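Colleague: Take this structure, written in structure tokens, and hold onto it; I'll ask about it next.
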Amino acid sequence: MLEKRIIICLDVRDGKTTKGIKFQENIDIGDPVEMAKKYYEEGVDELVFYDITASAENRGIMIEVVRKVAENIFIPFSVGGGIGSIEDMRKVLLAGAEKISVNSQAVKNPHIIKQGARLFGNQCIVLGMDAAKDTTMPSGYRVFINGGRTPTDIDALQWAKEAEDLGAGEIVLNSMDADGTQDGYELTITRMISENVNIPVVASGGAGKPTHLYDVLTKGKADAALIASMTHYGNYSVGDIKKYLHEKELCIRME
């Protein structure tokens with residue numbers, strides 16, 4: 001049985017880790033380099049770094065911050081935000097990331113997934129997807145871009161399947177409806193996409209307590225759970241979460 005993974009997300013804006021609710025009202029909460037080092041020492045399985053305003057501001061990612069984070073951790077590290085070319089991908093990998101997350105730029109130019117997978121390997125290319133409920137879409141969920149600011153005419157399930165066909169090795173599925181609420185993951189869309197693709201799906205948006213992770217990793221059939229608020233605000237440590245999941249007999253990596 002494959003181990004379920006716990007992943008911590010650092011949303012970064014202007015060089016600071018930030019957190020909002022449903023993509024709005026962001027507040028700065030710390031230094032991403034210091035926070036990454038702390039979570040690594042606590043035993044988190046992976047880290048994700050998102051430059052959340054890079055696409056909307058039409059600029060490249062903060063490569064120096066990426067480099068500093070990579071120097072302080074020795075676990076898989078995924079980076080996203082404003083990555084719109086093969087050269088951007090190469091810079092991020094050379095700065096120390098193991099995975100590249102493409103979101104808005106992949107919607108605008110889907111072939112970047114295929115090009116990246118061919119050059120760097122499928123395991124390197126992660127599709128980041130921001131989706132919200134919309135009953136007019138075939139699956140009931142619509143894809144948004146530019147940090148959740150811009151709706152597209154793309155159906156979430158359709159896009160997940162297309163990204164897999166193009167060569168994405170993983171999908172980070174962020175529910176905009178649940179993001180930052182700490183009321184639990186959106187299990188319906190997570191299960192729907194997990195059951196319809198053959199690559200790992202990482203659930204994102206809504207984690208507030210360890211039971212939420214258990215639910216999404218079992219009922220939602222996710223391969224990994226991404227968390228932010230519940231550790232950023234000091235409510236739980238990585239150790240607390242892993243202990244709970246281990247006691248619930250989930251297969252996870254323990255120190």
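Convention: chains lettered A, B, ... in structure tokens order; per-chain residue numbering from 1; ligands numbered from 1 as shown.
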If you run DSSP on this backbone, which residues of stretch 205-248 of chain A come out as strand (DSSP E or B), and could you give them as a ChimeraX atom specification?
Modeller: /A:224-227
Colleague: Any chance you can output those residues with N, CA and C atoms as a PDB file, in the first residue's frame?
Modeller:
```pdb
ATOM      1  N   ALA A 224      -2.828  12.418  -1.201  1.00  0.00           N
ATOM      2  CA  ALA A 224      -2.128  13.284  -0.257  1.00  0.00           C
ATOM      3  C   ALA A 224      -3.061  14.410   0.140  1.00  0.00           C
ATOM      4  N   ALA A 225      -2.784  15.001   1.302  1.00  0.00           N
ATOM      5  CA  ALA A 225      -3.578  16.120   1.789  1.00  0.00           C
ATOM      6  C   ALA A 225      -2.668  17.312   2.014  1.00  0.00           C
ATOM      7  N   LEU A 226      -3.062  18.434   1.437  1.00  0.00           N
ATOM      8  CA  LEU A 226      -2.285  19.662   1.593  1.00  0.00           C
ATOM      9  C   LEU A 226      -2.931  20.496   2.689  1.00  0.00           C
ATOM     10  N   ILE A 227      -2.097  21.026   3.579  1.00  0.00           N
ATOM     11  CA  ILE A 227      -2.596  21.814   4.707  1.00  0.00           C
ATOM     12  C   ILE A 227      -1.852  23.142   4.782  1.00  0.00           C
TER      13      ILE A 227
END
```
Colleague: Excluding A:Gly208 and its own-chain neighbours fewer than 3 positions away, which residues fall within 10 Å of it when counting only C-alpha atoms? Please give them as a PyMOL selection string.
Modeller: chain A and resi 180-185+205+211-213+227-231+235-236
Colleague: Near A:Met192, counting only C-alpha atoms, which residues have an atom at most 9 Å away, once you skip same-chain residues fewer than 4 positions from it, shown as a PyMOL selection string?
Modeller: chain A and resi 139+157+187-188+196+220-221
Colleague: If you count only C-alpha atoms, which residues fall within 12 Å of A:Leu119, apart from same-chain ones fewer than 4 positions away, as number ranges by chain?
Modeller: A: 86-87, 89-90, 93, 112-115, 123-125, 167
Colleague: Export, as a JSON list (two decimals), in the first residue's frame, the selected residues with N, CA and C atoms.
Modeller:
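And here's selection08.json as it stands now:
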```
[["chain", "number", "residue", "atom", "x", "y", "z"],
["A", 86, "ILE", "N", 9.39, 26.91, -20.61],
["A", 86, "ILE", "CA", 10.36, 25.87, -20.28],
["A", 86, "ILE", "C", 11.54, 26.48, -19.53],
["A", 87, "GLU", "N", 11.93, 27.67, -19.92],
["A", 87, "GLU", "CA", 13.05, 28.34, -19.24],
["A", 87, "GLU", "C", 12.70, 28.64, -17.78],
["A", 89, "MET", "N", 10.68, 26.86, -15.96],
["A", 89, "MET", "CA", 10.76, 25.56, -15.29],
["A", 89, "MET", "C", 12.19, 25.20, -14.96],
["A", 90, "ARG", "N", 13.09, 25.40, -15.93],
["A", 90, "ARG", "CA", 14.49, 25.06, -15.73],
["A", 90, "ARG", "C", 15.09, 25.87, -14.56],
["A", 93, "LEU", "N", 13.89, 24.41, -11.20],
["A", 93, "LEU", "CA", 14.57, 23.15, -10.88],
["A", 93, "LEU", "C", 16.02, 23.39, -10.49],
["A", 112, "ILE", "N", 2.50, 23.48, -22.50],
["A", 112, "ILE", "CA", 3.62, 23.61, -21.57],
["A", 112, "ILE", "C", 3.72, 22.35, -20.70],
["A", 113, "ILE", "N", 2.59, 21.70, -20.43],
["A", 113, "ILE", "CA", 2.60, 20.45, -19.66],
["A", 113, "ILE", "C", 3.35, 19.38, -20.44],
["A", 114, "LYS", "N", 3.00, 19.22, -21.71],
["A", 114, "LYS", "CA", 3.63, 18.20, -22.55],
["A", 114, "LYS", "C", 5.12, 18.48, -22.72],
["A", 115, "GLN", "N", 5.48, 19.74, -22.96],
["A", 115, "GLN", "CA", 6.89, 20.11, -23.14],
["A", 115, "GLN", "C", 7.69, 19.85, -21.87],
["A", 123, "GLN", "N", 7.08, 13.05, -13.56],
["A", 123, "GLN", "CA", 7.05, 13.20, -12.10],
["A", 123, "GLN", "C", 7.33, 14.63, -11.66],
["A", 124, "CYS", "N", 7.92, 15.42, -12.56],
["A", 124, "CYS", "CA", 8.27, 16.81, -12.23],
["A", 124, "CYS", "C", 7.11, 17.78, -12.44],
["A", 125, "ILE", "N", 6.14, 17.39, -13.25],
["A", 125, "ILE", "CA", 5.12, 18.35, -13.67],
["A", 125, "ILE", "C", 3.81, 18.11, -12.90],
["A", 167, "GLY", "N", 0.60, 14.76, -19.92],
["A", 167, "GLY", "CA", 1.82, 14.33, -19.25],
["A", 167, "GLY", "C", 2.00, 14.77, -17.82]]
```
Colleague: If you run DSSP on the backbone, which residues of stretch 137-220 of chain A are alpha helix (DSSP H), as number ranges by chain?
Modeller: A: 156-166, 187-196, 210-218
Colleague: Which residues are near A:Lys248? Cut-off 12 Å, only C-alpha atoms, ignore same chain within fewer than 6 positions. Put them as a PyMOL selection string.
Modeller: chain A and resi 210-211+213-215+217-218+241-242
